[in-house]
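Containing mmCIF, C-alpha atoms: coords24.cif.
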data_input
#
loop_
_atom_site.label_atom_id
_atom_site.label_comp_id
_atom_site.auth_asym_id
_atom_site.auth_seq_id
_atom_site.Cartn_x
_atom_site.Cartn_y
_atom_site.Cartn_z
CA SER A 1 -18.83 12.49 -15.78
CA GLN A 2 -21.08 11.09 -13.08
CA GLN A 3 -24.36 9.32 -13.43
CA GLY A 4 -26.41 10.97 -10.76
CA GLU A 5 -27.30 11.25 -7.14
CA GLU A 6 -26.97 8.87 -4.29
CA ASP A 7 -29.27 9.21 -1.36
CA PRO A 8 -28.55 9.82 1.41
CA GLN A 9 -25.13 11.48 1.21
CA ALA A 10 -24.46 10.44 4.79
CA LEU A 11 -26.09 7.87 7.06
CA SER A 12 -25.44 7.21 10.74
CA ILE A 13 -26.91 4.15 12.42
CA GLN A 14 -26.40 1.85 15.38
CA GLU A 15 -25.00 -1.65 15.12
CA GLY A 16 -27.68 -4.17 14.33
CA GLU A 17 -29.82 -1.72 12.37
CA ASN A 18 -30.35 -1.94 8.63
CA ALA A 19 -28.86 0.60 6.23
CA THR A 20 -30.48 1.49 2.91
CA MET A 21 -28.78 3.52 0.22
CA ASN A 22 -30.30 4.61 -3.06
CA CYS A 23 -28.75 5.41 -6.40
CA SER A 24 -30.13 6.98 -9.55
CA TYR A 25 -28.61 7.02 -12.99
CA LYS A 26 -29.29 8.69 -16.31
CA THR A 27 -28.26 6.47 -19.21
CA SER A 28 -29.05 2.95 -20.37
CA ILE A 29 -26.87 0.33 -18.74
CA ASN A 30 -25.66 -3.27 -19.02
CA ASN A 31 -25.39 -3.61 -15.27
CA LEU A 32 -25.08 -1.68 -12.05
CA GLN A 33 -22.43 -2.40 -9.46
CA TRP A 34 -21.95 -1.43 -5.84
CA TYR A 35 -18.52 -0.79 -4.37
CA ARG A 36 -17.24 -0.04 -0.92
CA GLN A 37 -14.34 2.26 -0.07
CA ASN A 38 -12.68 2.52 3.27
CA SER A 39 -11.11 5.90 3.97
CA GLY A 40 -8.06 6.52 1.80
CA ARG A 41 -8.19 3.10 0.18
CA GLY A 42 -9.16 1.58 -3.12
CA LEU A 43 -12.55 0.17 -3.99
CA VAL A 44 -13.86 -3.26 -3.15
CA HIS A 45 -16.51 -4.80 -5.37
CA LEU A 46 -19.62 -5.83 -3.45
CA ILE A 47 -22.26 -6.95 -5.90
CA LEU A 48 -23.24 -6.68 -9.56
CA ILE A 49 -26.81 -6.71 -10.84
CA ARG A 50 -27.53 -7.05 -14.54
CA SER A 51 -30.05 -4.89 -16.35
CA ASN A 52 -32.44 -7.84 -16.72
CA GLU A 53 -32.36 -8.64 -13.00
CA ARG A 54 -34.55 -6.99 -10.38
CA GLU A 55 -33.07 -8.22 -7.13
CA LYS A 56 -29.91 -9.88 -5.95
CA HIS A 57 -28.60 -11.07 -2.60
CA SER A 58 -25.12 -11.66 -1.26
CA GLY A 59 -24.78 -12.41 2.44
CA ARG A 60 -26.12 -9.38 4.33
CA LEU A 61 -26.43 -7.38 1.13
CA ARG A 62 -29.57 -7.00 -0.93
CA VAL A 63 -29.61 -4.98 -4.13
CA THR A 64 -32.61 -4.01 -6.21
CA LEU A 65 -32.71 -2.50 -9.67
CA ASP A 66 -35.60 -0.66 -11.32
CA THR A 67 -34.61 0.12 -14.89
CA SER A 68 -37.90 1.94 -15.57
CA LYS A 69 -37.04 4.44 -12.83
CA LYS A 70 -33.29 4.22 -13.47
CA SER A 71 -32.66 3.56 -9.80
CA SER A 72 -31.10 1.00 -7.50
CA SER A 73 -30.94 0.42 -3.78
CA LEU A 74 -28.43 -1.31 -1.53
CA LEU A 75 -29.63 -2.74 1.77
CA ILE A 76 -27.15 -3.85 4.41
CA THR A 77 -28.88 -5.86 7.11
CA ALA A 78 -27.74 -6.22 10.73
CA SER A 79 -25.01 -3.66 10.26
CA ARG A 80 -21.70 -3.85 12.08
CA ALA A 81 -19.14 -1.21 13.01
CA ALA A 82 -16.87 -2.71 10.35
CA ASP A 83 -19.42 -1.71 7.69
CA THR A 84 -18.42 1.92 8.25
CA ALA A 85 -17.23 3.12 4.84
CA SER A 86 -18.30 4.98 1.72
CA TYR A 87 -20.53 3.11 -0.69
CA PHE A 88 -20.71 3.90 -4.40
CA CYS A 89 -22.93 2.67 -7.15
CA ALA A 90 -21.43 2.49 -10.62
CA THR A 91 -23.01 1.78 -13.96
CA ALA A 92 -21.46 -0.21 -16.76
CA GLY A 93 -22.25 0.28 -20.41
CA GLN A 94 -20.87 -1.66 -23.31
CA ALA A 95 -17.79 -3.85 -22.99
CA GLY A 96 -14.51 -1.99 -22.72
CA THR A 97 -16.00 1.19 -21.33
CA ALA A 98 -15.37 2.62 -17.89
CA LEU A 99 -17.64 2.52 -14.90
CA ILE A 100 -19.47 5.73 -14.16
CA PHE A 101 -19.83 6.37 -10.45
CA GLY A 102 -22.52 7.96 -8.35
CA LYS A 103 -21.64 10.48 -5.68
CA GLY A 104 -21.61 7.96 -2.89
CA THR A 105 -23.07 7.48 0.57
CA THR A 106 -20.94 7.68 3.69
CA LEU A 107 -22.14 5.15 6.24
CA SER A 108 -21.20 5.35 9.91
CA VAL A 109 -22.14 2.45 12.16
CA SER A 110 -21.61 3.01 15.84
CA SER A 111 -21.36 0.26 18.44
CA GLY B 1 -8.91 -13.67 -7.57
CA ALA B 2 -7.89 -10.90 -9.94
CA VAL B 3 -5.54 -8.39 -8.33
CA VAL B 4 -4.51 -4.93 -9.41
CA SER B 5 -1.42 -3.41 -7.82
CA GLN B 6 -0.84 0.32 -7.79
CA HIS B 7 2.44 1.97 -6.84
CA PRO B 8 3.38 4.16 -5.08
CA SER B 9 0.65 4.45 -2.48
CA TRP B 10 1.74 7.89 -1.30
CA VAL B 11 3.83 10.62 -2.90
CA ILE B 12 4.81 13.98 -1.47
CA CYS B 13 6.89 16.19 -3.72
CA LYS B 14 7.70 19.75 -4.63
CA SER B 15 5.81 21.79 -7.18
CA GLY B 16 7.22 21.30 -10.67
CA THR B 17 8.13 17.65 -10.16
CA SER B 18 6.82 14.96 -12.49
CA VAL B 19 5.36 11.92 -10.79
CA LYS B 20 4.82 8.48 -12.31
CA ILE B 21 2.16 6.12 -10.97
CA GLU B 22 2.11 2.46 -11.99
CA CYS B 23 -0.89 0.19 -12.30
CA ARG B 24 -0.25 -3.52 -12.75
CA SER B 25 -2.60 -6.41 -13.26
CA LEU B 26 -0.85 -9.18 -11.33
CA ASP B 27 -2.55 -12.34 -12.51
CA PHE B 28 -4.39 -11.40 -15.65
CA GLN B 29 -3.95 -9.47 -18.85
CA ALA B 30 -5.79 -6.22 -19.38
CA THR B 31 -6.03 -4.60 -22.80
CA THR B 32 -7.86 -1.73 -21.17
CA MET B 33 -7.25 0.00 -17.86
CA PHE B 34 -8.94 3.05 -16.44
CA TRP B 35 -7.60 5.98 -14.45
CA TYR B 36 -9.77 7.86 -11.98
CA ARG B 37 -9.23 10.88 -9.79
CA GLN B 38 -10.90 11.42 -6.44
CA PHE B 39 -10.95 14.62 -4.38
CA PRO B 40 -11.61 14.43 -0.62
CA LYS B 41 -15.15 13.40 0.26
CA GLN B 42 -16.09 13.17 -3.42
CA SER B 43 -16.69 10.38 -5.88
CA LEU B 44 -14.40 8.95 -8.54
CA MET B 45 -14.13 10.91 -11.75
CA LEU B 46 -12.93 9.10 -14.85
CA MET B 47 -9.81 10.74 -16.27
CA ALA B 48 -8.89 8.48 -19.14
CA THR B 49 -9.08 5.04 -20.67
CA SER B 50 -5.69 3.43 -21.19
CA ASN B 51 -5.47 1.15 -24.23
CA GLU B 52 -2.62 -1.32 -24.69
CA GLY B 53 -0.58 -0.46 -27.74
CA SER B 54 -2.47 2.69 -28.64
CA LYS B 55 -3.19 6.19 -27.41
CA ALA B 56 -5.23 6.76 -24.31
CA THR B 57 -8.69 8.26 -24.54
CA TYR B 58 -9.10 11.27 -22.28
CA GLU B 59 -12.29 12.60 -20.76
CA GLN B 60 -13.37 16.13 -21.51
CA GLY B 61 -11.44 18.65 -19.46
CA VAL B 62 -8.48 16.37 -18.74
CA GLU B 63 -5.23 17.69 -20.23
CA LYS B 64 -3.47 14.89 -22.10
CA ASP B 65 -0.15 16.75 -21.99
CA LYS B 66 -0.47 17.10 -18.25
CA PHE B 67 -1.48 13.53 -17.52
CA LEU B 68 0.58 11.23 -19.72
CA ILE B 69 -0.63 7.66 -19.98
CA ASN B 70 1.44 4.79 -21.32
CA HIS B 71 0.05 1.26 -21.64
CA ALA B 72 3.12 -0.51 -22.95
CA SER B 73 2.16 -4.07 -22.02
CA LEU B 74 -0.92 -6.12 -21.23
CA THR B 75 -0.18 -5.90 -17.50
CA LEU B 76 1.09 -2.36 -16.98
CA SER B 77 -0.30 1.12 -17.42
CA THR B 78 1.44 4.23 -16.11
CA LEU B 79 0.09 7.69 -15.39
CA THR B 80 2.64 10.50 -15.27
CA VAL B 81 1.59 13.80 -13.77
CA THR B 82 3.95 16.24 -15.45
CA SER B 83 5.17 19.40 -13.74
CA ALA B 84 2.79 18.80 -10.87
CA HIS B 85 1.31 21.75 -8.98
CA PRO B 86 -0.66 21.90 -5.72
CA GLU B 87 -3.97 21.75 -7.58
CA ASP B 88 -2.94 18.30 -8.88
CA SER B 89 -2.95 16.98 -5.33
CA SER B 90 -5.54 14.23 -5.25
CA PHE B 91 -6.17 10.51 -4.90
CA TYR B 92 -5.55 8.65 -8.16
CA ILE B 93 -6.99 5.15 -8.66
CA CYS B 94 -6.67 2.69 -11.52
CA SER B 95 -8.88 -0.23 -12.44
CA ALA B 96 -8.83 -3.14 -14.84
CA SER B 97 -10.87 -6.19 -15.71
CA PRO B 98 -9.59 -9.60 -16.76
CA LEU B 99 -12.22 -9.96 -19.41
CA ARG B 100 -13.51 -7.57 -22.03
CA ASP B 101 -16.97 -8.08 -20.61
CA SER B 102 -18.88 -5.32 -18.89
CA ASN B 103 -20.75 -7.96 -16.87
CA GLN B 104 -17.60 -8.67 -14.91
CA PRO B 105 -16.56 -6.42 -12.02
CA GLN B 106 -13.65 -4.05 -12.30
CA HIS B 107 -10.72 -4.58 -9.97
CA PHE B 108 -9.22 -1.51 -8.39
CA GLY B 109 -5.76 -0.67 -7.19
CA ASP B 110 -5.40 0.69 -3.67
CA GLY B 111 -4.86 4.19 -5.03
CA THR B 112 -2.06 6.74 -4.91
CA ARG B 113 -2.33 9.79 -2.72
CA LEU B 114 -0.43 12.62 -4.38
CA SER B 115 0.46 15.70 -2.34
CA ILE B 116 2.24 18.56 -4.09
CA LEU B 117 3.85 21.14 -1.85
#
Take the structure I supplied and represent it as structure tokens, if you would.
Amino acid sequence: SQQGEEDPQALSIQEGENATMNCSYKTSINNLQWYRQNSGRGLVHLILIRSNEREKHSGRLRVTLDTSKKSSSLLITASRAADTASYFCATAGQAGTALIFGKGTTLSVSS
Amino acid sequence: GAVVSQHPSWVICKSGTSVKIECRSLDFQATTMFWYRQFPKQSLMLMATSNEGSKATYEQGVEKDKFLINHASLTLSTLTVTSAHPEDSSFYICSASPLRDSNQPQHFGDGTRLSIL
């Protein structure tokens, strides 16, 4: 099963611009995580935000979480060509349960 | 950091062949591992939860006799696609976490691309 929509499905920007991706989910969660996937590869964990947190930063990444709206956003600042990848949000419930992924956003950054 | 190794990375075989995919946690023990399937340009869909020493839990619509899961040790889970057919062609990814704590990130293998001719 999947949690919900990610918006936009595809995003094309120039190097140096910011990229914002949004994610919505349906159920209650313990945390929400963002992952990156390069074409044909596995997933790389980017950042985790707990249900009692509203904002979190990691380098050029900024994540927000609004549990009342069941939504999250990922902002990548000063994007680089190497940021080109697919980005997925995933929600975590109770311990021992699997992550449930959103549909993902494909980001293309051109130099 | 925690590493999950998945093998093989690419398999091409004839229809009717059974294919085994291994998922190993290299530097931690995992009582639970997860198997996902991903079609081109789509997201990851959970197939099953692999539990060490007990039967796997399959998601609705996933045939347990088609996708056999064995979690014989705390560091190894295997997924066997039995009598594979072209519609089973997909990207299969496993994940595991070193702690039974949902506030820790999952660690993913690099995936196995399965192509059935």
- Using all atoms listed in the file, the residue out of A:Gln14, A:Thr106, A:Thr64, A:Thr27 with shortest distance to chain B is A:Thr106
- Item | Picked residues, the PyMOL selection byres ((chain A) within 6 of (chain B)), as an MDAnalysis selection string | chainID A and resid 41:43 95:96 103
Selected residues written out with C-alpha atoms, as a PDB file, in the frame of the given file:
ATOM      1  CA  ARG A  41      -8.190   3.100   0.180  1.00  0.00           C
ATOM      2  CA  GLY A  42      -9.160   1.580  -3.120  1.00  0.00           C
ATOM      3  CA  LEU A  43     -12.550   0.170  -3.990  1.00  0.00           C
ATOM      4  CA  ALA A  95     -17.790  -3.850 -22.990  1.00  0.00           C
ATOM      5  CA  GLY A  96     -14.510  -1.990 -22.720  1.00  0.00           C
ATOM      6  CA  LYS A 103     -21.640  10.480  -5.680  1.00  0.00           C
TER       7      LYS A 103
END
- Note on the structure: What separates CA of Ile21 (chain B) and CA of Glu52 (chain B) is a distance of 16.3 Å
- Query: Taking all atoms listed in the file into account, which of B:Cys13, B:Ile116, B:Val3, B:Cys23 comes nearest Ser77 (chain B)?
  - Reply: B:Cys23
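Counting from CA of Gly61 (chain B), the distance to CA of Asn22 (chain A) is 28.7 Å.
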- Item | Output check: residues returned by the PyMOL selection byres ((chain A and resi 5) around 7), as a PyMOL selection string | chain A and resi 4+6-7+23-24+102-103
- Residue members of the PyMOL selection byres ((chain A and resi 18) around 7) in the file shown, as a VMD selection string: chain A and resid 16 to 17 19 to 20 75 to 79
- Kindly give the distance, in Å, that separates CA of Gly59 (chain A) and CA of Gln33 (chain A), rounded to a single decimal. 15.7 Å
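The point (-36.6, 4.5, -10.2) has these residues within 12 Å of it when all atoms listed in the file are used: Glu5, Asn22, Cys23, Ser24, Tyr25, Lys26, Arg54, Thr64, Leu65, Asp66, Thr67, Ser68, Lys69, Lys70, Ser71, Ser72 and Ser73 of chain A.
Distances to Arg50 (chain A) were evaluated for A:Ala98, A:Asp83, A:Glu15, A:Ala90 using only C-alpha atoms, and the minimum falls at A:Ala90.
Comparing the minimum interatomic distances between Tyr87 (chain A) and each of A:Leu46, A:Ile13, A:Leu99, A:Leu32, counting all atoms listed in the file, we find that A:Leu46 sits nearest.
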